[in-house]
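Q: I'm passing along final-v6.txt; it holds compact mmCIF, C-alpha atoms.
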# COMPACT_ATOMS: atom_id res chain seq x y z
CA MET A 1 -17.77 22.88 -9.67
CA ILE A 2 -14.65 23.52 -7.65
CA ASN A 3 -11.61 25.27 -9.04
CA VAL A 4 -8.89 22.62 -8.77
CA PRO A 5 -5.81 24.86 -8.17
CA THR A 6 -7.77 26.92 -5.62
CA ALA A 7 -9.01 23.79 -3.86
CA ALA A 8 -5.50 22.37 -3.72
CA HIS A 9 -4.22 25.61 -2.21
CA GLU A 10 -7.00 25.64 0.41
CA LEU A 11 -6.43 22.03 1.38
CA SER A 12 -2.67 22.50 1.64
CA LYS A 13 -3.18 25.61 3.77
CA THR A 14 -5.53 23.72 6.11
CA LEU A 15 -3.00 20.91 6.41
CA ALA A 16 -0.13 23.29 7.16
CA ALA A 17 -2.21 24.95 9.88
CA GLN A 18 -2.22 21.66 11.80
CA ALA A 19 1.54 21.20 11.64
CA ASP A 20 3.17 20.01 14.86
CA PRO A 21 7.00 20.30 14.70
CA ASP A 22 7.48 18.12 17.80
CA PHE A 23 5.36 15.34 16.30
CA ALA A 24 7.28 15.70 13.02
CA VAL A 25 10.51 14.98 14.91
CA ARG A 26 8.97 11.93 16.62
CA MET A 27 7.76 10.58 13.27
CA GLN A 28 11.32 10.22 12.05
CA ARG A 29 11.85 7.11 14.20
CA TYR A 30 9.67 5.12 11.81
CA PHE A 31 11.80 5.88 8.75
CA PRO A 32 15.38 4.89 7.99
CA HIS A 33 16.00 8.17 6.16
CA GLU A 34 14.85 11.66 7.07
CA ILE A 35 11.52 12.70 5.59
CA ARG A 36 10.09 16.19 5.17
CA ALA A 37 7.09 16.10 7.49
CA LEU A 38 4.69 18.67 8.89
CA GLY A 39 3.79 16.52 11.88
CA VAL A 40 0.15 15.76 11.07
CA GLY A 41 -1.25 12.31 11.85
CA ASN A 42 -2.79 10.09 9.19
CA ALA A 43 -6.27 10.31 10.69
CA ALA A 44 -6.09 14.10 10.73
CA VAL A 45 -5.04 14.16 7.06
CA ALA A 46 -8.02 11.99 6.13
CA GLN A 47 -10.32 14.22 8.18
CA ILE A 48 -9.15 17.33 6.34
CA ALA A 49 -10.21 15.76 3.05
CA ALA A 50 -13.53 14.55 4.49
CA ASP A 51 -14.32 17.97 5.95
CA TYR A 52 -13.58 19.71 2.68
CA PHE A 53 -16.06 17.58 0.77
CA ARG A 54 -18.76 17.59 3.45
CA ASP A 55 -20.46 20.56 1.74
CA ARG A 56 -19.25 19.53 -1.72
CA ARG A 57 -20.71 16.04 -1.94
CA ASP A 58 -21.69 16.52 -5.56
CA THR A 59 -18.06 16.96 -6.66
CA PRO A 60 -17.55 14.44 -9.50
CA ALA A 61 -14.99 11.70 -9.03
CA ALA A 62 -13.19 12.96 -12.13
CA THR A 63 -12.72 16.35 -10.47
CA ARG A 64 -11.42 14.71 -7.31
CA LEU A 65 -8.93 12.84 -9.47
CA LEU A 66 -7.70 16.11 -10.97
CA LEU A 67 -7.42 17.52 -7.46
CA ALA A 68 -5.38 14.52 -6.35
CA GLU A 69 -3.02 15.03 -9.27
CA GLU A 70 -2.67 18.72 -8.38
CA LEU A 71 -1.91 17.99 -4.73
CA LEU A 72 0.63 15.32 -5.60
CA ALA A 73 2.37 17.47 -8.19
CA ARG A 74 2.88 20.33 -5.74
CA ALA A 75 3.61 18.16 -2.65
CA GLU A 76 6.70 19.09 -0.67
CA TYR A 77 5.84 17.29 2.57
CA HIS A 78 5.03 13.70 3.46
CA GLU A 79 1.48 14.50 4.54
CA GLU A 80 0.71 16.36 1.30
CA VAL A 81 1.17 13.09 -0.57
CA LEU A 82 -1.22 11.38 1.85
CA LEU A 83 -3.69 14.21 1.33
CA GLY A 84 -3.55 13.64 -2.41
CA PHE A 85 -4.69 10.05 -1.85
CA ALA A 86 -7.20 11.03 0.85
CA VAL A 87 -9.34 13.16 -1.48
CA LEU A 88 -10.09 9.94 -3.41
CA HIS A 89 -10.97 7.63 -0.51
CA LYS A 90 -14.74 8.12 -0.66
CA VAL A 91 -15.02 7.54 -4.41
CA ALA A 92 -12.45 4.76 -4.71
CA ARG A 93 -14.81 1.79 -4.91
CA THR A 94 -17.37 2.99 -7.43
CA GLY A 95 -16.37 6.41 -8.72
CA LEU A 96 -13.03 5.73 -10.36
CA GLY A 97 -12.46 3.92 -13.64
CA GLU A 98 -10.22 1.09 -14.71
CA GLU A 99 -7.39 3.52 -15.44
CA LEU A 100 -6.73 3.95 -11.70
CA PRO A 101 -4.17 1.10 -11.34
CA ASP A 102 -2.03 2.61 -14.10
CA ARG A 103 -2.32 6.04 -12.48
CA CYS A 104 -1.32 4.57 -9.13
CA ARG A 105 1.77 3.00 -10.66
CA HIS A 106 2.71 6.42 -12.03
CA TRP A 107 2.19 7.99 -8.60
CA LEU A 108 4.27 5.29 -6.94
CA GLU A 109 7.08 5.91 -9.40
CA THR A 110 6.84 9.70 -9.30
CA TYR A 111 5.57 10.95 -5.93
CA VAL A 112 5.80 8.18 -3.34
CA SER A 113 9.05 8.26 -1.39
CA ASN A 114 8.55 6.02 1.66
CA TRP A 115 6.82 2.86 2.86
CA ALA A 116 4.06 4.74 4.71
CA GLN A 117 2.91 6.54 1.56
CA CYS A 118 3.06 3.30 -0.40
CA ASP A 119 0.97 1.41 2.14
CA ASP A 120 -1.52 4.26 2.54
CA MET A 121 -2.20 4.14 -1.20
CA CYS A 122 -2.51 0.36 -1.17
CA LEU A 123 -4.75 -0.03 1.87
CA LYS A 124 -6.91 3.10 1.75
CA LEU A 125 -7.23 3.73 -1.98
CA LEU A 126 -6.48 0.58 -3.94
CA TYR A 127 -8.15 -1.79 -1.48
CA PRO A 128 -11.63 -0.24 -1.80
CA PHE A 129 -11.08 0.24 -5.53
CA PHE A 130 -10.27 -3.43 -6.07
CA LEU A 131 -13.28 -4.47 -3.97
CA GLY A 132 -15.32 -3.07 -6.83
CA HIS A 133 -12.94 -4.21 -9.59
CA LEU A 134 -11.65 -7.66 -8.65
CA GLU A 135 -10.95 -8.46 -12.28
CA LEU A 136 -8.26 -5.76 -12.35
CA LEU A 137 -6.13 -7.21 -9.54
CA PRO A 138 -3.76 -8.97 -11.99
CA ARG A 139 -2.66 -5.58 -13.33
CA THR A 140 -0.56 -5.07 -10.22
CA ARG A 141 1.72 -7.93 -11.26
CA SER A 142 3.48 -5.78 -13.84
CA TRP A 143 4.56 -3.43 -11.05
CA ILE A 144 7.22 -5.99 -10.13
CA GLU A 145 9.13 -4.83 -13.20
CA SER A 146 9.16 -1.17 -12.08
CA ALA A 147 12.38 0.67 -11.32
CA SER A 148 10.63 2.09 -8.24
CA PRO A 149 10.94 0.00 -5.06
CA TRP A 150 7.61 1.42 -3.91
CA ALA A 151 5.83 0.10 -6.99
CA ARG A 152 7.50 -3.27 -6.45
CA ARG A 153 6.44 -3.30 -2.79
CA ALA A 154 2.92 -2.29 -3.80
CA ALA A 155 2.67 -5.29 -6.14
CA ASN A 156 2.32 -7.36 -2.95
CA VAL A 157 0.83 -4.92 -0.46
CA ALA A 158 -2.01 -3.96 -2.82
CA VAL A 159 -3.28 -7.56 -2.84
CA VAL A 160 -2.53 -8.59 0.74
CA LYS A 161 -6.19 -8.17 1.78
CA PHE A 162 -7.40 -10.32 -1.09
CA VAL A 163 -5.75 -13.62 -0.18
CA ARG A 164 -9.22 -14.52 1.06
CA ARG A 165 -11.86 -11.82 1.20
CA LYS A 166 -15.63 -11.84 1.49
CA VAL A 167 -17.04 -9.54 -1.17
CA GLY A 168 -20.79 -9.21 -0.91
CA ARG A 169 -22.18 -12.72 -0.51
CA THR A 170 -19.26 -14.49 -2.10
CA VAL A 171 -15.73 -15.29 -0.97
CA PHE A 172 -12.94 -14.21 -3.29
CA GLU A 173 -9.55 -15.92 -3.12
CA LEU A 174 -6.46 -14.57 -4.78
CA PRO A 175 -4.90 -17.43 -6.75
CA LEU A 176 -2.07 -19.00 -4.79
CA SER A 177 0.01 -18.87 -7.98
CA HIS A 178 -0.30 -15.06 -7.95
CA VAL A 179 1.24 -14.91 -4.47
CA LEU A 180 4.01 -17.43 -4.99
CA ASP A 181 5.00 -16.20 -8.45
CA ASN A 182 5.22 -12.62 -7.13
CA CYS A 183 7.50 -13.73 -4.31
CA VAL A 184 9.74 -15.76 -6.61
CA ARG A 185 10.12 -12.84 -9.00
CA LEU A 186 11.05 -10.54 -6.11
CA MET A 187 13.23 -13.11 -4.34
CA HIS A 188 16.51 -11.34 -5.08
CA ASP A 189 15.27 -7.75 -4.89
CA ASP A 190 17.80 -5.74 -2.88
CA ASP A 191 15.29 -3.36 -1.29
CA THR A 192 14.42 -4.11 2.34
CA TYR A 193 10.87 -2.80 2.06
CA VAL A 194 10.18 -4.87 -1.03
CA GLN A 195 11.31 -7.93 0.89
CA LYS A 196 9.16 -7.03 3.88
CA GLY A 197 6.22 -6.69 1.51
CA SER A 198 6.84 -10.22 0.22
CA GLY A 199 7.08 -11.51 3.77
CA TRP A 200 3.82 -9.78 4.71
CA LEU A 201 1.98 -11.35 1.77
CA LEU A 202 3.39 -14.81 2.57
CA LYS A 203 2.42 -14.41 6.25
CA VAL A 204 -1.20 -13.63 5.38
CA THR A 205 -1.28 -16.41 2.78
CA ALA A 206 0.05 -18.89 5.33
CA GLU A 207 -3.10 -18.35 7.41
CA VAL A 208 -5.15 -19.67 4.48
CA HIS A 209 -2.67 -22.07 2.84
CA PRO A 210 -0.24 -23.12 5.61
CA ASP A 211 0.99 -26.32 3.97
CA GLU A 212 1.60 -24.72 0.60
CA VAL A 213 3.47 -21.75 2.07
CA ALA A 214 5.53 -24.05 4.30
CA GLU A 215 6.55 -26.08 1.26
CA PHE A 216 7.40 -22.88 -0.61
CA LEU A 217 9.64 -21.79 2.28
CA ARG A 218 11.36 -25.18 2.41
CA THR A 219 12.05 -24.97 -1.31
CA TRP A 220 13.37 -21.41 -1.32
CA HIS A 221 14.83 -20.89 2.14
CA THR A 222 18.44 -20.88 0.94
CA GLU A 223 17.74 -18.00 -1.45
CA MET A 224 15.13 -16.08 0.52
CA PRO A 225 16.30 -13.01 2.49
CA ARG A 226 16.15 -13.37 6.25
CA ASP A 227 13.53 -10.62 6.75
CA THR A 228 11.19 -12.15 4.20
CA PHE A 229 11.45 -15.59 5.80
CA ARG A 230 10.91 -14.36 9.35
CA TYR A 231 7.86 -12.29 8.35
CA ALA A 232 6.41 -15.27 6.49
CA VAL A 233 6.50 -17.66 9.47
CA GLU A 234 5.46 -15.12 12.09
CA LYS A 235 1.87 -16.35 12.59
CA MET A 236 2.28 -20.01 11.73
CA ASP A 237 1.52 -22.78 14.17
CA PRO A 238 4.39 -22.72 16.70
CA ARG A 239 5.53 -26.24 15.93
CA LEU A 240 5.58 -25.61 12.19
CA ARG A 241 7.31 -22.27 12.71
CA ARG A 242 10.06 -23.87 14.82
CA SER A 243 10.68 -26.56 12.20
CA LEU A 244 10.97 -23.97 9.45
CA MET A 245 13.21 -21.70 11.49
CA ALA A 246 15.48 -24.68 12.06
CA LEU A 247 16.26 -24.64 8.35
CA GLY A 248 18.86 -22.00 9.13
CA GLN A 249 17.01 -18.72 8.80
CA GLY A 250 16.80 -18.04 12.52
As structure tokens - that is how I would like this structure written.

A:
Amino acid sequence: MINVPTAAHELSKTLAAQADPDFAVRMQRYFPHEIRALGVGNAAVAQIAADYFRDRRDTPAATRLLLAEELLARAEYHEEVLLGFAVLHKVARTGLGEELPDRCRHWLETYVSNWAQCDDMCLKLLYPFFLGHLELLPRTRSWIESASPWARRAANVAVVKFVRRKVGRTVFELPLSHVLDNCVRLMHDDDTYVQKGSGWLLKVTAEVHPDEVAEFLRTWHTEMPRDTFRYAVEKMDPRLRRSLMALGQG
């Protein structure tokens, strides 16, 4: 059994040892506001977690969860938040219980401070988790009501891979009503990244339900923010995209 505070200290020390100040400066171009970064790439952060558990494969998922909490609570740098999520990647699908979505909302509201951390949680932690817990996907809908823009963005980003997804031998489809209701409820959100999240979800949904999404855009184009609209039509058939852009959003 690992000692959680000691493990957190060791992992943070390993992460800090890979800091690259020049890369940290270059990272800033991807964020509208300055972030505190060590300059360690996402793949390297994930590798640090994987290496740590290579000789500790019997570490229970519950202990990893405590370690994630410890890392997040003491995080001062961008990559330390990513590391907190990374220690859970390997146990996300089958090792974590149904309380994880509520924990993730708390983390989004407490520790996440930029779009990259939000999306890392959604795509590397919640995605595999929901593959094993499809029935819990609707829980993310309450995140729309959060005061945190990152929780509101995550309400869409966390389900973007489930618009149509093969799971085992069956094909799962996120109800179209889930997508469209989310986007209506977030229609007037004043956060740019929340709007981009809505646009991303509509863009992916349009690949599966082009006619329905096109009708949705026709109905709401006068109220929908420009970024959301442009993201939504990005991969549509060129002719359909041109007709929608002619509505006045281009």

Q: Which one is closest to A:Val171: A:Ala116, A:Val40, A:Val194, A:Leu131? Count all atoms listed in the file.

A: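 That would be A:Leu131, the residue with the smallest distance to A:Val171.
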
Q: Give me the residues near A:Phe229 as a list in words, where near means some atom within 10 Å (using all atoms listed in the file) and where sequence neighbours in that chain fewer than 5 positions away do not count.

A: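 Selected residues are Gln195, Lys196, Ser198, Gly199, Trp200, Leu202, Lys203, Leu217, Trp220, His221, Glu223, Met224, Glu234, Leu244, Met245, Gln249 and Gly250 of chain A.
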
Q: May I ask for the distance between atom CA of A:Val25 and atom CA of A:Asp119, given in Å to one decimal place?

A: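 For atom CA of A:Val25 relative to atom CA of A:Asp119, the distance reads 20.9 Å.
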
Q: For the point (5.3, 9.5, -11.2) in the file's frame, write as a list of chain:residue names all residues with an atom no more than 12 Å away, counting all atoms listed in the file.

A: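 Within the cut-off we find A:Glu69, A:Leu72, A:Ala73, A:Val81, A:Asp102, A:Arg103, A:Cys104, A:Arg105, A:His106, A:Trp107, A:Leu108, A:Glu109, A:Thr110, A:Tyr111, A:Val112, A:Ser113, A:Ser146, A:Ala147, A:Ser148, A:Trp150, A:Ala151.
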
Q: Given the choices A:Thr192, A:His33, A:Leu240, A:Ala246, which gets closest to A:Pro225 if the distance is worked out from all atoms listed in the file?

A: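 Counting all atoms listed in the file, the residue closest to A:Pro225 is A:Thr192.
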
Q: So that I can check the surroundings of A:Phe23, please list as a short mmCIF file (atom, residue, chain, number, x, y, z; two decimals) with C-alpha atoms, in the coordinates of the input every protein, DNA and RNA residue that reaches within 12 Å of it, counting all atoms listed in the file and ignoring chain neighbours fewer than 2 positions away.

A:
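The result, written out as around-v5.cif:
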data_model
loop_
_atom_site.label_atom_id
_atom_site.label_comp_id
_atom_site.auth_asym_id
_atom_site.auth_seq_id
_atom_site.Cartn_x
_atom_site.Cartn_y
_atom_site.Cartn_z
CA GLN A 18 -2.22 21.66 11.80
CA ALA A 19 1.54 21.20 11.64
CA ASP A 20 3.17 20.01 14.86
CA PRO A 21 7.00 20.30 14.70
CA VAL A 25 10.51 14.98 14.91
CA ARG A 26 8.97 11.93 16.62
CA MET A 27 7.76 10.58 13.27
CA GLN A 28 11.32 10.22 12.05
CA ARG A 29 11.85 7.11 14.20
CA TYR A 30 9.67 5.12 11.81
CA ALA A 37 7.09 16.10 7.49
CA LEU A 38 4.69 18.67 8.89
CA GLY A 39 3.79 16.52 11.88
CA VAL A 40 0.15 15.76 11.07
CA GLY A 41 -1.25 12.31 11.85
#

Q: At a cut-off of 12 Å around the point (8.8, -17.0, -6.2) (file coordinates), what residues fall inside when counting all atoms listed in the file? I'd like the answer as a VMD selection string.

A: chain A and resid 144 176 to 189 195 198 to 199 201 to 202 213 215 to 217 219 to 221 223 to 224 228

Q: How many Å separate atom CA of A:Val157 from atom CA of A:Cys122?

A: 6.3 Å

Q: Quick one, how far is atom CA of A:Val160 from atom CA of A:Phe53?

A: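 Between these atoms lies a distance of 29.5 Å.
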
Q: Under the rule that all atoms listed in the file are counted, which of A:Asp58, A:His89, A:Ser12, A:Pro128 is the nearest residue to A:Glu76?

A: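 Selected residue with least distance to A:Glu76: A:Ser12.
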
Q: Can you work out which one of A:Glu70, A:Pro60, A:Gly84, A:Cys118 has the shortest atom-to-atom distance to A:Leu96, counting all atoms listed in the file?

A: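 Comparing A:Glu70, A:Pro60, A:Gly84, A:Cys118 against A:Leu96, the winner is A:Pro60.
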
Q: Fewer than 2 positions away in the same chain doesn't count, so skip those; otherwise give me all residues within 10 Å of A:His133, counting all atoms listed in the file, as a JSON list (two decimals) with C-alpha atoms, in the coordinates of the input.

A:
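Saved to out-v3.json:
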[["chain", "number", "residue", "atom", "x", "y", "z"],
["A", 93, "ARG", "CA", -14.81, 1.79, -4.91],
["A", 94, "THR", "CA", -17.37, 2.99, -7.43],
["A", 96, "LEU", "CA", -13.03, 5.73, -10.36],
["A", 97, "GLY", "CA", -12.46, 3.92, -13.64],
["A", 98, "GLU", "CA", -10.22, 1.09, -14.71],
["A", 126, "LEU", "CA", -6.48, 0.58, -3.94],
["A", 127, "TYR", "CA", -8.15, -1.79, -1.48],
["A", 128, "PRO", "CA", -11.63, -0.24, -1.80],
["A", 129, "PHE", "CA", -11.08, 0.24, -5.53],
["A", 130, "PHE", "CA", -10.27, -3.43, -6.07],
["A", 131, "LEU", "CA", -13.28, -4.47, -3.97],
["A", 135, "GLU", "CA", -10.95, -8.46, -12.28],
["A", 136, "LEU", "CA", -8.26, -5.76, -12.35],
["A", 137, "LEU", "CA", -6.13, -7.21, -9.54]]

Q: Counting all atoms listed in the file, figure out which residue out of A:Lys235, A:Ala16, A:Met121, A:Gly197 gets nearest to A:Arg152.

A: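 Among the listed residues, A:Gly197 lies closest to A:Arg152.
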
Q: Find, counting all atoms listed in the file, the residue in A:Glu99, A:Lys124, A:Val167, A:Val45 that gets nearest to A:Arg139.

A: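 Of A:Glu99, A:Lys124, A:Val167, A:Val45, the one nearest A:Arg139, counting all atoms listed in the file, is A:Glu99.
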
Q: Mind giving me the axis-aligned box for stretch 180-185 of chain A with 5 Å on every side, centre plus edges in Å to one decimal, as JSON?

A:
{"center_x": 7.1, "center_y": -15.0, "center_z": -6.7, "size_x": 16.1, "size_y": 14.8, "size_z": 14.7}
